[in-house]
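File shown here: input_19.tsv, holding TSV, C-alpha atoms.
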chain	number	residue	atom	x	y	z
A	1	MET	CA	-0.34	-33.50	-34.17
A	2	ASP	CA	-1.60	-34.38	-30.72
A	3	LYS	CA	-1.54	-31.56	-28.13
A	4	ASN	CA	0.72	-33.80	-26.00
A	5	THR	CA	3.33	-34.23	-28.74
A	6	LEU	CA	6.84	-33.73	-27.41
A	7	PRO	CA	7.67	-30.00	-27.78
A	8	ALA	CA	11.00	-30.55	-29.55
A	9	PHE	CA	9.37	-32.80	-32.13
A	10	LYS	CA	6.51	-30.36	-32.69
A	11	LYS	CA	9.02	-27.52	-33.19
A	12	PHE	CA	11.08	-29.67	-35.58
A	13	VAL	CA	8.01	-30.35	-37.74
A	14	ASN	CA	6.99	-26.69	-37.76
A	15	ASP	CA	10.53	-25.61	-38.67
A	16	LEU	CA	10.63	-28.20	-41.47
A	17	ARG	CA	7.34	-26.91	-42.84
A	18	LYS	CA	8.83	-23.41	-42.93
A	19	ILE	CA	11.94	-24.71	-44.74
A	20	TRP	CA	9.80	-26.57	-47.29
A	21	SER	CA	7.59	-23.50	-47.86
A	22	GLU	CA	10.61	-21.28	-48.56
A	23	ASN	CA	12.47	-23.57	-50.95
A	24	THR	CA	11.50	-26.06	-53.65
A	25	ASP	CA	14.88	-27.80	-54.01
A	26	ASP	CA	14.98	-31.01	-51.94
A	27	GLY	CA	18.77	-30.94	-51.64
A	28	ASP	CA	18.72	-27.44	-50.16
A	29	ARG	CA	15.79	-28.33	-47.91
A	30	MET	CA	17.57	-31.39	-46.54
A	31	LYS	CA	20.84	-29.52	-45.94
A	32	ARG	CA	18.96	-26.98	-43.84
A	33	ALA	CA	17.11	-29.82	-42.08
A	34	HIS	CA	20.48	-31.47	-41.32
A	35	LEU	CA	21.57	-28.48	-39.21
A	36	LEU	CA	18.18	-28.31	-37.53
A	37	MET	CA	18.21	-32.00	-36.66
A	38	GLU	CA	21.70	-31.93	-35.14
A	39	ASN	CA	21.41	-28.60	-33.35
A	40	GLU	CA	17.92	-28.99	-31.90
A	41	LEU	CA	16.17	-32.34	-32.23
A	42	LEU	CA	18.88	-34.91	-31.50
A	43	VAL	CA	20.12	-33.05	-28.42
A	44	ASP	CA	16.70	-32.66	-26.81
A	45	PRO	CA	16.77	-34.38	-23.37
A	46	ALA	CA	13.05	-35.23	-23.38
A	47	LEU	CA	13.25	-36.94	-26.78
A	48	ARG	CA	16.42	-38.80	-25.80
A	49	GLU	CA	14.67	-40.09	-22.68
A	50	HIS	CA	11.48	-40.94	-24.61
A	51	CYS	CA	13.36	-43.07	-27.16
A	52	LYS	CA	14.49	-45.49	-24.45
A	53	ASN	CA	10.98	-46.97	-24.54
A	54	TRP	CA	10.49	-47.17	-28.31
A	55	PRO	CA	9.80	-50.71	-29.53
A	56	SER	CA	12.23	-52.67	-31.68
A	57	THR	CA	11.84	-52.30	-35.42
A	58	GLU	CA	13.41	-55.67	-36.24
A	59	GLY	CA	11.90	-57.42	-39.24
A	60	ARG	CA	12.19	-54.53	-41.72
A	61	LYS	CA	9.98	-52.05	-39.91
A	62	ASN	CA	10.08	-48.31	-39.24
A	63	LEU	CA	8.14	-46.35	-36.67
A	64	LEU	CA	6.07	-43.75	-38.51
A	65	PHE	CA	5.97	-40.49	-36.55
A	66	TYR	CA	4.71	-38.04	-39.14
A	67	THR	CA	3.85	-37.54	-42.80
A	68	ASP	CA	3.34	-33.94	-43.81
A	69	PRO	CA	-0.04	-33.44	-45.50
A	70	ASN	CA	1.14	-30.47	-47.60
A	71	TYR	CA	4.80	-31.07	-48.39
A	72	GLY	CA	5.01	-34.86	-48.22
A	73	PHE	CA	8.13	-35.24	-46.10
A	74	VAL	CA	8.13	-38.20	-43.71
A	75	ILE	CA	9.67	-38.66	-40.25
A	76	ASN	CA	10.41	-42.21	-39.08
A	77	GLY	CA	12.20	-43.92	-36.24
A	78	VAL	CA	14.27	-47.08	-36.20
A	79	VAL	CA	15.39	-49.11	-33.18
A	80	ARG	CA	18.19	-51.62	-33.74
A	81	VAL	CA	18.99	-54.45	-31.35
A	82	PRO	CA	22.68	-54.92	-30.43
A	83	GLY	CA	24.71	-56.49	-33.24
A	84	ARG	CA	22.09	-55.80	-35.93
A	85	THR	CA	23.37	-56.27	-39.49
A	86	GLY	CA	21.88	-53.74	-41.89
A	87	SER	CA	21.28	-54.38	-45.57
A	88	VAL	CA	22.93	-52.46	-48.40
A	89	HIS	CA	20.36	-50.28	-50.15
A	90	ASP	CA	19.49	-46.97	-51.77
A	91	HIS	CA	16.45	-44.73	-51.45
A	92	ALA	CA	15.83	-44.17	-55.17
A	93	ASP	CA	15.17	-40.47	-55.87
A	94	GLY	CA	14.53	-39.52	-52.24
A	95	TRP	CA	16.87	-37.67	-49.91
A	96	VAL	CA	17.23	-39.23	-46.45
A	97	LEU	CA	18.61	-37.72	-43.25
A	98	TYR	CA	19.56	-40.38	-40.70
A	99	GLY	CA	20.07	-38.97	-37.20
A	100	LEU	CA	21.29	-41.06	-34.28
A	101	LEU	CA	19.45	-40.33	-31.07
A	102	ASP	CA	20.96	-43.03	-28.87
A	103	GLY	CA	23.77	-45.57	-29.15
A	104	THR	CA	26.33	-45.94	-31.92
A	105	GLU	CA	26.31	-47.44	-35.41
A	106	SER	CA	28.60	-47.83	-38.40
A	107	LEU	CA	27.52	-45.81	-41.42
A	108	GLU	CA	28.75	-47.45	-44.59
A	109	ARG	CA	28.88	-45.99	-48.11
A	110	PHE	CA	29.36	-48.05	-51.26
A	111	ARG	CA	29.87	-47.51	-54.97
A	112	ALA	CA	28.88	-49.72	-57.86
A	113	VAL	CA	31.93	-51.13	-59.64
A	114	GLU	CA	29.97	-53.26	-62.11
A	115	SER	CA	26.30	-52.78	-62.93
A	116	ARG	CA	23.88	-54.90	-64.92
A	117	LYS	CA	20.63	-54.00	-63.19
A	118	GLU	CA	18.57	-55.50	-66.01
A	119	ASP	CA	20.23	-58.84	-65.16
A	120	GLY	CA	19.77	-58.38	-61.41
A	121	TYR	CA	23.47	-57.80	-60.82
A	122	VAL	CA	25.35	-54.86	-59.27
A	123	LYS	CA	28.75	-55.47	-57.71
A	124	VAL	CA	29.45	-52.93	-54.96
A	125	GLU	CA	32.53	-52.05	-52.97
A	126	LEU	CA	32.82	-50.30	-49.63
A	127	VAL	CA	34.03	-46.71	-49.97
A	128	SER	CA	33.80	-45.53	-46.35
A	129	ASP	CA	32.83	-46.75	-42.90
A	130	THR	CA	32.13	-43.97	-40.41
A	131	LYS	CA	31.24	-44.37	-36.75
A	132	GLY	CA	27.89	-42.73	-36.11
A	133	GLU	CA	27.33	-41.32	-32.62
A	134	ALA	CA	24.30	-39.97	-30.82
A	135	GLY	CA	23.65	-36.37	-31.81
A	136	LYS	CA	25.00	-36.71	-35.36
A	137	ALA	CA	23.06	-37.08	-38.60
A	138	ASP	CA	24.10	-38.54	-41.96
A	139	LEU	CA	22.64	-36.95	-45.10
A	140	VAL	CA	22.15	-39.51	-47.89
A	141	PRO	CA	21.54	-38.12	-51.40
A	142	PRO	CA	19.30	-39.89	-53.94
A	143	TYR	CA	20.58	-43.22	-55.25
A	144	ASP	CA	23.58	-43.28	-52.85
A	145	ILE	CA	24.29	-46.89	-51.90
A	146	HIS	CA	24.70	-47.29	-48.15
A	147	ALA	CA	24.02	-49.34	-45.02
A	148	GLU	CA	23.72	-48.74	-41.29
A	149	GLN	CA	25.24	-51.41	-39.06
A	150	GLY	CA	24.39	-51.91	-35.42
A	151	SER	CA	26.98	-51.97	-32.66
A	152	LYS	CA	27.27	-53.78	-29.35
A	153	VAL	CA	24.50	-51.62	-27.89
A	154	ARG	CA	20.89	-50.82	-28.80
A	155	SER	CA	20.71	-47.86	-31.14
A	156	VAL	CA	17.90	-45.50	-32.02
A	157	ALA	CA	17.62	-43.14	-34.98
A	158	VAL	CA	15.22	-40.53	-36.33
A	159	ILE	CA	14.90	-40.55	-40.13
A	160	LEU	CA	13.71	-37.64	-42.25
A	161	ARG	CA	12.74	-38.57	-45.81
A	162	SER	CA	12.24	-35.81	-48.38
A	163	ARG	CA	9.10	-37.55	-49.59
A	164	VAL	CA	6.99	-40.68	-49.19
A	165	LEU	CA	8.98	-43.62	-50.55
A	166	VAL	CA	7.38	-46.75	-49.10
A	167	GLY	CA	4.56	-47.92	-51.34
A	168	GLU	CA	5.34	-45.30	-53.99
A	169	VAL	CA	8.91	-45.91	-55.17
A	170	MET	CA	10.94	-49.07	-55.65
A	171	GLN	CA	14.30	-48.79	-53.90
A	172	GLY	CA	17.52	-50.62	-54.74
A	173	ARG	CA	18.71	-53.60	-52.68
A	174	TYR	CA	22.26	-54.90	-53.05
A	175	ASN	CA	23.99	-58.08	-51.86
A	176	ARG	CA	27.56	-57.04	-51.13
A	177	ASP	CA	28.83	-60.63	-51.37
A	178	THR	CA	27.09	-62.02	-54.46
A	179	GLY	CA	26.24	-58.86	-56.43
A	180	GLU	CA	22.55	-59.76	-56.51
A	181	TYR	CA	20.40	-56.68	-57.15
A	182	TYR	CA	16.66	-56.23	-56.87
A	183	GLU	CA	14.18	-53.51	-55.99
A	184	GLY	CA	11.81	-53.37	-53.04
A	185	SER	CA	9.26	-50.99	-51.58
A	186	GLY	CA	10.95	-50.38	-48.22
A	187	PRO	CA	10.17	-51.18	-44.58
A	188	GLU	CA	6.73	-51.65	-43.08
A	189	GLN	CA	5.45	-48.42	-41.53
A	190	ILE	CA	4.21	-48.71	-37.91
A	191	PRO	CA	2.33	-45.58	-36.72
A	192	TYR	CA	3.78	-44.32	-33.42
A	193	GLN	CA	2.95	-41.21	-31.41
A	194	LEU	CA	5.69	-39.07	-29.85
A	195	THR	CA	3.60	-37.89	-26.91
A	196	ALA	CA	4.56	-37.12	-23.34
As structure tokens, the full file:
Amino acid sequence: MDKNTLPAFKKFVNDLRKIWSENTDDGDRMKRAHLLMENELLVDPALREHCKNWPSTEGRKNLLFYTDPNYGFVINGVVRVPGRTGSVHDHADGWVLYGLLDGTESLERFRAVESRKEDGYVKVELVSDTKGEAGKADLVPPYDIHAEQGSKVRSVAVILRSRVLVGEVMQGRYNRDTGEYYEGSGPEQIPYQLTA
């Protein structure tokens, strides 16, 4: 990391590396990371101010802040314009921690009620719709079907992935209206430095 990396982000990475070194179970790692993200990273005033200038990630993009060279976890950012409609998807076998830094969003969870993946068909139904607020993080287990929906204001999130997914794993994509199902590699990764 650059010597000018925001202190809270640098500490978050170092703390994650310690968590990963002490435990080999991704579920346990991500549960510990959840507390760390909410209690330290998402409340940091410097990071909250910094995110006001992050570029939009419209067009299926993520900002790529960090990929750990030893443990493989990835930290991304996403910036949604007001009213953004998010797609229904899963993250295959990866755990994902989605922390809101600014704004509000709706965090939707779905379940498959009819599945014929080999035919490109999975009918899903909405199970829950929770309002996500700045300072809170949503932990999404592997293969959980979900979506994040924008609100009337710009929203910004930090995403921790338990491992590299984009380019390595095909992730499920679901059409909530038609039941169409297919797999895709995930959003384009745009390198972005969190420096002061």
Which residues of region 90-163 of chain A sit at most 10 Å from region 182-188 of chain A, using only C-alpha atoms? Give each one's shortest atom pair and distance in Å (one decimal place), in chain and ascending residue order, as CSV.
residue,atom,partner,partner_atom,distance
A:Asp90,CA,A:Glu183,CA,9.4
A:His91,CA,A:Gly186,CA,8.5
A:Ala92,CA,A:Glu183,CA,9.5
A:Lys117,CA,A:Tyr182,CA,7.8
A:Glu118,CA,A:Tyr182,CA,9.4
A:Asp119,CA,A:Tyr182,CA,9.4
A:Gly120,CA,A:Tyr182,CA,5.9
A:Tyr121,CA,A:Tyr182,CA,8.0
A:Val122,CA,A:Tyr182,CA,9.1
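Look at Tyr66 (chain A): the protein and nucleic acid residues within 8 Å of it, using only C-alpha atoms and passing over chain neighbours fewer than 5 places away, are A:Val74, A:Ile75, A:Asn76.
The smallest atom-to-atom distance between Arg32 (chain A) and any of A:Leu47, A:Leu100, A:Leu16, A:Leu107, using all atoms listed in the file, is found for A:Leu16.
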Subject >> Nearby residues (all atoms listed in the file) at most 9 Å from Gly132 (chain A), same-chain spacing under 3 positions excluded, as a VMD selection string >> reply: chain A and resid 99 to 100 103 to 107 135 to 138 148
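The coordinates place CA of Val13 (chain A) at 17.8 Å from CA of Asp25 (chain A).
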**OP:** Calculate how many Å separate CA of Val166 (chain A) from CA of Asp102 (chain A), rounding to one decimal.
**Re:**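 Rounded to one decimal, the two atoms are 24.6 Å apart.
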**OP:** Using all atoms listed in the file, pick whichever of A:Val169, A:Val88, A:Leu6, A:Leu97 has the shortest atom-to-atom distance to Leu35 (chain A).
**Re:**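 Going through A:Val169, A:Val88, A:Leu6, A:Leu97 one by one, the smallest distance to Leu35 (chain A) is for A:Leu97.
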Subject >> Nearest to Ser115 (chain A) by atom-to-atom distance, counting only C-alpha atoms, from A:Tyr174, A:Arg80, A:Ala46, A:Thr130 >> reply: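 Using only C-alpha atoms, Ser115 (chain A) sits closest to A:Tyr174.
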